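**Q** Have a peek at target_12.pdb (PDB, C-alpha atoms).
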MODEL        1
ATOM      1  CA  GLY T  10      -4.631  20.914  -7.419  1.00  0.00           C
ATOM      2  CA  GLU T  11      -5.555  20.689  -3.734  1.00  0.00           C
ATOM      3  CA  LEU T  12      -2.324  19.215  -2.367  1.00  0.00           C
ATOM      4  CA  THR T  13       0.258  21.354  -0.620  1.00  0.00           C
ATOM      5  CA  ASN T  14       3.898  21.171  -1.667  1.00  0.00           C
ATOM      6  CA  ASP T  15       4.656  19.185   1.514  1.00  0.00           C
ATOM      7  CA  GLU T  16       1.875  16.702   0.693  1.00  0.00           C
ATOM      8  CA  ILE T  17       3.169  16.319  -2.856  1.00  0.00           C
ATOM      9  CA  GLN T  18       6.684  15.673  -1.553  1.00  0.00           C
ATOM     10  CA  HIS T  19       5.366  13.123   0.983  1.00  0.00           C
ATOM     11  CA  LEU T  20       3.409  11.338  -1.762  1.00  0.00           C
ATOM     12  CA  TYR T  21       6.464  11.299  -4.017  1.00  0.00           C
ATOM     13  CA  ASP T  22       8.722   9.959  -1.245  1.00  0.00           C
ATOM     14  CA  ALA T  23       6.169   7.300  -0.241  1.00  0.00           C
ATOM     15  CA  THR T  24       5.740   6.189  -3.848  1.00  0.00           C
ATOM     16  CA  GLN T  25       9.500   5.873  -4.334  1.00  0.00           C
ATOM     17  CA  SER T  26       9.823   3.880  -1.094  1.00  0.00           C
ATOM     18  CA  VAL T  27       7.039   1.433  -1.931  1.00  0.00           C
ATOM     19  CA  LEU T  28       8.236   0.915  -5.509  1.00  0.00           C
ATOM     20  CA  THR T  29      11.810   0.315  -4.333  1.00  0.00           C
ATOM     21  CA  ASP T  30      10.618  -2.254  -1.769  1.00  0.00           C
ATOM     22  CA  ALA T  31       8.295  -3.922  -4.285  1.00  0.00           C
ATOM     23  CA  LEU T  32      11.125  -4.342  -6.779  1.00  0.00           C
ATOM     24  CA  ALA T  33      13.438  -5.725  -4.086  1.00  0.00           C
ATOM     25  CA  PHE T  34      10.845  -8.385  -3.215  1.00  0.00           C
ATOM     26  CA  GLY T  35      10.155  -9.356  -6.818  1.00  0.00           C
ATOM     27  CA  GLY T  36       6.871  -7.511  -7.245  1.00  0.00           C
ATOM     28  CA  THR T  37       3.362  -8.420  -6.164  1.00  0.00           C
ATOM     29  CA  THR T  38       1.914 -11.666  -7.449  1.00  0.00           C
ATOM     30  CA  PHE T  39      -1.803 -12.289  -6.906  1.00  0.00           C
ATOM     31  CA  GLU T  40      -2.388 -15.044  -9.433  1.00  0.00           C
ATOM     32  CA  SER T  41       0.037 -16.795 -11.741  1.00  0.00           C
ATOM     33  CA  PHE T  42       2.735 -14.266 -12.698  1.00  0.00           C
ATOM     34  CA  VAL T  43       6.346 -15.437 -12.427  1.00  0.00           C
ATOM     35  CA  ASP T  44       9.560 -13.729 -13.454  1.00  0.00           C
ATOM     36  CA  THR T  45      12.020 -15.038 -16.052  1.00  0.00           C
ATOM     37  CA  ASP T  46      13.513 -17.386 -13.446  1.00  0.00           C
ATOM     38  CA  GLY T  47      10.071 -18.817 -12.613  1.00  0.00           C
ATOM     39  CA  ALA T  48       9.854 -17.103  -9.216  1.00  0.00           C
ATOM     40  CA  ALA T  49       6.648 -15.415  -8.040  1.00  0.00           C
ATOM     41  CA  GLY T  50       6.941 -11.974  -6.488  1.00  0.00           C
ATOM     42  CA  ASN T  51       6.497 -12.003  -2.714  1.00  0.00           C
ATOM     43  CA  PHE T  52       5.866  -8.326  -2.019  1.00  0.00           C
ATOM     44  CA  SER T  53       2.180  -9.174  -1.463  1.00  0.00           C
ATOM     45  CA  ASP T  54       3.258 -10.667   1.897  1.00  0.00           C
ATOM     46  CA  ARG T  55       4.325  -7.157   2.930  1.00  0.00           C
ATOM     47  CA  LEU T  56       1.131  -5.343   1.932  1.00  0.00           C
ATOM     48  CA  SER T  57      -0.304  -3.557   4.957  1.00  0.00           C
ATOM     49  CA  VAL T  58      -3.817  -2.693   3.794  1.00  0.00           C
ATOM     50  CA  PHE T  59      -4.709  -4.245   0.435  1.00  0.00           C
ATOM     51  CA  GLY T  60      -6.412  -7.599   0.912  1.00  0.00           C
ATOM     52  CA  ARG T  61      -6.604  -7.167   4.693  1.00  0.00           C
ATOM     53  CA  GLU T  62     -10.186  -5.960   5.013  1.00  0.00           C
ATOM     54  CA  GLY T  63     -11.578  -6.702   8.468  1.00  0.00           C
ATOM     55  CA  GLU T  64      -8.152  -6.911  10.145  1.00  0.00           C
ATOM     56  CA  PRO T  65      -7.174  -4.275  12.713  1.00  0.00           C
ATOM     57  CA  CYS T  66      -5.136  -1.280  11.564  1.00  0.00           C
ATOM     58  CA  PRO T  67      -1.606  -1.364  13.044  1.00  0.00           C
ATOM     59  CA  ARG T  68      -1.920   2.283  14.114  1.00  0.00           C
ATOM     60  CA  CYS T  69      -5.489   2.900  15.318  1.00  0.00           C
ATOM     61  CA  GLU T  70      -6.608  -0.739  15.654  1.00  0.00           C
ATOM     62  CA  SER T  71      -9.944   0.030  13.984  1.00  0.00           C
ATOM     63  CA  THR T  72     -11.343  -2.607  11.660  1.00  0.00           C
ATOM     64  CA  ARG T  73     -10.309  -1.787   8.137  1.00  0.00           C
ATOM     65  CA  GLU T  74     -12.985  -1.016   5.590  1.00  0.00           C
ATOM     66  CA  VAL T  75     -12.544  -1.209   1.860  1.00  0.00           C
ATOM     67  CA  ARG T  76     -14.188   1.398  -0.307  1.00  0.00           C
ATOM     68  CA  ILE T  77     -14.014   0.854  -4.022  1.00  0.00           C
ATOM     69  CA  VAL T  78     -12.787   3.956  -5.858  1.00  0.00           C
ATOM     70  CA  LYS T  79     -12.687   3.666  -9.640  1.00  0.00           C
ATOM     71  CA  GLY T  80     -12.424  -0.102  -9.326  1.00  0.00           C
ATOM     72  CA  PHE T  81      -9.609  -0.167  -6.767  1.00  0.00           C
ATOM     73  CA  PRO T  82      -9.660  -0.352  -2.961  1.00  0.00           C
ATOM     74  CA  PRO T  83      -7.718   2.415  -1.189  1.00  0.00           C
ATOM     75  CA  ALA T  84      -4.236   1.593   0.070  1.00  0.00           C
ATOM     76  CA  TYR T  85      -4.706   3.275   3.429  1.00  0.00           C
ATOM     77  CA  CYS T  86      -6.723   2.881   6.631  1.00  0.00           C
ATOM     78  CA  THR T  87     -10.085   4.539   6.063  1.00  0.00           C
ATOM     79  CA  ASN T  88     -10.210   5.534   9.747  1.00  0.00           C
ATOM     80  CA  CYS T  89      -6.820   7.153  10.437  1.00  0.00           C
ATOM     81  CA  GLY T  90      -5.176   7.303   7.002  1.00  0.00           C
ATOM     82  CA  TRP T  91      -2.297   4.954   7.937  1.00  0.00           C
ATOM     83  CA  ASN T  92      -0.375   3.361   5.136  1.00  0.00           C
ATOM     84  CA  ARG T  93       2.859   1.443   4.910  1.00  0.00           C
ATOM     85  CA  ALA T  94       4.820   4.526   3.897  1.00  0.00           C
ATOM     86  CA  ASN T  95       3.857   6.688   6.897  1.00  0.00           C
ATOM     87  CA  LYS T  96       4.118   4.175   9.697  1.00  0.00           C
TER      88      LYS T  96
ENDMDL
END
As structure tokens, please, write out the structure in this file.
**A**
Amino acid sequence: GELTNDEIQHLYDATQSVLTDALAFGGTTFESFVDTDGAAGNFSDRLSVFGREGEPCPRCESTREVRIVKGFPPAYCTNCGWNRANK
């Protein structure tokens, strides 16, 4: 209820973009998942924030922190808000 219409549209567009890319790269495999052809998804190689704690942010170059929110780390730079969709 606190997002503007522009922010909602940006979130929608970013979600569509990431999901489209993830599907094109076979999904994100962290452990043992494979598709029906036995291939693991390789979208995890393209993740910009998740699993990259301590690496510099590509935009602000600050060291990335991970804050757990409801069991999940945020998918954005905690310093500048950068994410793959708004590069």
**Q** Around all the atoms of stretch 33-45 of chain T listed in the file, draw an axis-aligned box and extend it by 5 Å on each of the six sides; I want its centre and edge lengths in Å to one decimal, as JSON.
**A**
{"center_x": 5.5, "center_y": -11.3, "center_z": -9.6, "size_x": 25.8, "size_y": 21.1, "size_z": 22.8}
**Q** Have a look at atom CA of T:Cys69 and atom CA of T:Val27 and let me know their distance in Å, one decimal.
**A**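 Taking atom CA of T:Cys69 as the start and atom CA of T:Val27 as the end point, the length is 21.4 Å.
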**Q** Residues proximal to (0.7, -4.0, -5.2) were defined as those with any atom within 8 Å of that point in the file's coordinates, counting all atoms listed in the file. Which are they, as number ranges by chain?
**A** T: 31, 36-37, 52-53, 56, 59
**Q** Near T:Gly50, within 12 Å and counting all atoms listed in the file, which residues show up once chain neighbours fewer than 4 positions away are dropped, as number ranges by chain?
**A** T: 30-46, 54-55
**Q** Just the number, please: distance in Å from atom CA of T:Cys89 to atom CA of T:Glu70, one decimal.
**A**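 Value for the atom CA of T:Cys89-atom CA of T:Glu70 distance: 9.5 Å.
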**Q** For a test of reading the model, state the distance in Å between atom CA of T:Leu12 and atom CA of T:Leu28, rounded to one decimal.
**A**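 Atom-to-atom, atom CA of T:Leu12 and atom CA of T:Leu28 are spaced 21.4 Å apart.
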**Q** Rebuild stretch 62-73 of chain T to all heavy atoms - output it as a PDB file, in the coordinates of the input, please.
**A**
ATOM      1  N   GLU T  62      -8.924  -6.492   4.512  1.00  0.00           N
ATOM      2  CA  GLU T  62     -10.186  -5.960   5.013  1.00  0.00           C
ATOM      3  C   GLU T  62     -10.632  -6.767   6.227  1.00  0.00           C
ATOM      4  O   GLU T  62     -10.525  -7.987   6.263  1.00  0.00           O
ATOM      5  CB  GLU T  62     -11.264  -6.042   3.935  1.00  0.00           C
ATOM      6  CG  GLU T  62     -12.595  -5.524   4.400  1.00  0.00           C
ATOM      7  CD  GLU T  62     -13.659  -5.614   3.313  1.00  0.00           C
ATOM      8  OE1 GLU T  62     -13.385  -6.209   2.259  1.00  0.00           O
ATOM      9  OE2 GLU T  62     -14.750  -5.082   3.535  1.00  0.00           O
ATOM     10  N   GLY T  63     -11.092  -6.056   7.256  1.00  0.00           N
ATOM     11  CA  GLY T  63     -11.578  -6.702   8.468  1.00  0.00           C
ATOM     12  C   GLY T  63     -10.509  -6.925   9.531  1.00  0.00           C
ATOM     13  O   GLY T  63     -10.818  -7.223  10.671  1.00  0.00           O
ATOM     14  N   GLU T  64      -9.227  -6.788   9.167  1.00  0.00           N
ATOM     15  CA  GLU T  64      -8.152  -6.911  10.145  1.00  0.00           C
ATOM     16  C   GLU T  64      -7.947  -5.565  10.834  1.00  0.00           C
ATOM     17  O   GLU T  64      -8.252  -4.521  10.279  1.00  0.00           O
ATOM     18  CB  GLU T  64      -6.846  -7.331   9.457  1.00  0.00           C
ATOM     19  CG  GLU T  64      -6.895  -8.706   8.845  1.00  0.00           C
ATOM     20  CD  GLU T  64      -5.586  -9.076   8.183  1.00  0.00           C
ATOM     21  OE1 GLU T  64      -4.555  -8.416   8.451  1.00  0.00           O
ATOM     22  OE2 GLU T  64      -5.588 -10.019   7.381  1.00  0.00           O
ATOM     23  N   PRO T  65      -7.402  -5.556  12.037  1.00  0.00           N
ATOM     24  CA  PRO T  65      -7.174  -4.275  12.713  1.00  0.00           C
ATOM     25  C   PRO T  65      -6.031  -3.485  12.077  1.00  0.00           C
ATOM     26  O   PRO T  65      -5.048  -4.060  11.631  1.00  0.00           O
ATOM     27  CB  PRO T  65      -6.812  -4.681  14.147  1.00  0.00           C
ATOM     28  CG  PRO T  65      -6.350  -6.087  14.046  1.00  0.00           C
ATOM     29  CD  PRO T  65      -7.058  -6.696  12.866  1.00  0.00           C
ATOM     30  N   CYS T  66      -6.195  -2.171  12.048  1.00  0.00           N
ATOM     31  CA  CYS T  66      -5.136  -1.280  11.564  1.00  0.00           C
ATOM     32  C   CYS T  66      -3.992  -1.311  12.572  1.00  0.00           C
ATOM     33  O   CYS T  66      -4.226  -1.258  13.777  1.00  0.00           O
ATOM     34  CB  CYS T  66      -5.700   0.139  11.437  1.00  0.00           C
ATOM     35  SG  CYS T  66      -4.444   1.392  11.099  1.00  0.00           S
ATOM     36  N   PRO T  67      -2.731  -1.348  12.113  1.00  0.00           N
ATOM     37  CA  PRO T  67      -1.606  -1.364  13.044  1.00  0.00           C
ATOM     38  C   PRO T  67      -1.454  -0.076  13.846  1.00  0.00           C
ATOM     39  O   PRO T  67      -0.818  -0.070  14.886  1.00  0.00           O
ATOM     40  CB  PRO T  67      -0.392  -1.586  12.162  1.00  0.00           C
ATOM     41  CG  PRO T  67      -0.847  -1.622  10.776  1.00  0.00           C
ATOM     42  CD  PRO T  67      -2.328  -1.513  10.736  1.00  0.00           C
ATOM     43  N   ARG T  68      -2.043   1.024  13.386  1.00  0.00           N
ATOM     44  CA  ARG T  68      -1.920   2.283  14.114  1.00  0.00           C
ATOM     45  C   ARG T  68      -3.106   2.518  15.045  1.00  0.00           C
ATOM     46  O   ARG T  68      -2.929   2.709  16.241  1.00  0.00           O
ATOM     47  CB  ARG T  68      -1.802   3.471  13.168  1.00  0.00           C
ATOM     48  CG  ARG T  68      -1.675   4.787  13.958  1.00  0.00           C
ATOM     49  CD  ARG T  68      -1.998   6.005  13.129  1.00  0.00           C
ATOM     50  NE  ARG T  68      -0.853   6.425  12.343  1.00  0.00           N
ATOM     51  CZ  ARG T  68      -0.930   7.338  11.392  1.00  0.00           C
ATOM     52  NH1 ARG T  68      -2.079   7.883  11.077  1.00  0.00           N
ATOM     53  NH2 ARG T  68       0.133   7.702  10.730  1.00  0.00           N
ATOM     54  N   CYS T  69      -4.325   2.527  14.498  1.00  0.00           N
ATOM     55  CA  CYS T  69      -5.489   2.900  15.318  1.00  0.00           C
ATOM     56  C   CYS T  69      -6.307   1.697  15.789  1.00  0.00           C
ATOM     57  O   CYS T  69      -7.229   1.861  16.582  1.00  0.00           O
ATOM     58  CB  CYS T  69      -6.383   3.876  14.548  1.00  0.00           C
ATOM     59  SG  CYS T  69      -7.296   3.125  13.183  1.00  0.00           S
ATOM     60  N   GLU T  70      -5.962   0.516  15.282  1.00  0.00           N
ATOM     61  CA  GLU T  70      -6.608  -0.739  15.654  1.00  0.00           C
ATOM     62  C   GLU T  70      -8.083  -0.822  15.278  1.00  0.00           C
ATOM     63  O   GLU T  70      -8.781  -1.726  15.701  1.00  0.00           O
ATOM     64  CB  GLU T  70      -6.408  -1.046  17.137  1.00  0.00           C
ATOM     65  CG  GLU T  70      -4.948  -1.208  17.487  1.00  0.00           C
ATOM     66  CD  GLU T  70      -4.706  -1.577  18.935  1.00  0.00           C
ATOM     67  OE1 GLU T  70      -5.666  -1.821  19.674  1.00  0.00           O
ATOM     68  OE2 GLU T  70      -3.534  -1.624  19.315  1.00  0.00           O
ATOM     69  N   SER T  71      -8.564   0.133  14.462  1.00  0.00           N
ATOM     70  CA  SER T  71      -9.944   0.030  13.984  1.00  0.00           C
ATOM     71  C   SER T  71      -9.999  -1.063  12.923  1.00  0.00           C
ATOM     72  O   SER T  71      -8.992  -1.423  12.325  1.00  0.00           O
ATOM     73  CB  SER T  71     -10.417   1.356  13.389  1.00  0.00           C
ATOM     74  OG  SER T  71      -9.743   1.616  12.178  1.00  0.00           O
ATOM     75  N   THR T  72     -11.172  -1.613  12.709  1.00  0.00           N
ATOM     76  CA  THR T  72     -11.343  -2.607  11.660  1.00  0.00           C
ATOM     77  C   THR T  72     -11.287  -1.899  10.318  1.00  0.00           C
ATOM     78  O   THR T  72     -11.943  -0.887  10.107  1.00  0.00           O
ATOM     79  CB  THR T  72     -12.692  -3.329  11.816  1.00  0.00           C
ATOM     80  OG1 THR T  72     -12.712  -3.959  13.095  1.00  0.00           O
ATOM     81  CG2 THR T  72     -12.882  -4.372  10.736  1.00  0.00           C
ATOM     82  N   ARG T  73     -10.489  -2.427   9.437  1.00  0.00           N
ATOM     83  CA  ARG T  73     -10.309  -1.787   8.137  1.00  0.00           C
ATOM     84  C   ARG T  73     -11.521  -2.008   7.251  1.00  0.00           C
ATOM     85  O   ARG T  73     -12.052  -3.094   7.169  1.00  0.00           O
ATOM     86  CB  ARG T  73      -9.085  -2.341   7.448  1.00  0.00           C
ATOM     87  CG  ARG T  73      -7.837  -2.035   8.210  1.00  0.00           C
ATOM     88  CD  ARG T  73      -6.652  -2.562   7.483  1.00  0.00           C
ATOM     89  NE  ARG T  73      -5.607  -2.751   8.471  1.00  0.00           N
ATOM     90  CZ  ARG T  73      -4.513  -3.408   8.252  1.00  0.00           C
ATOM     91  NH1 ARG T  73      -4.304  -3.962   7.095  1.00  0.00           N
ATOM     92  NH2 ARG T  73      -3.611  -3.530   9.174  1.00  0.00           N
TER      93      ARG T  73
END
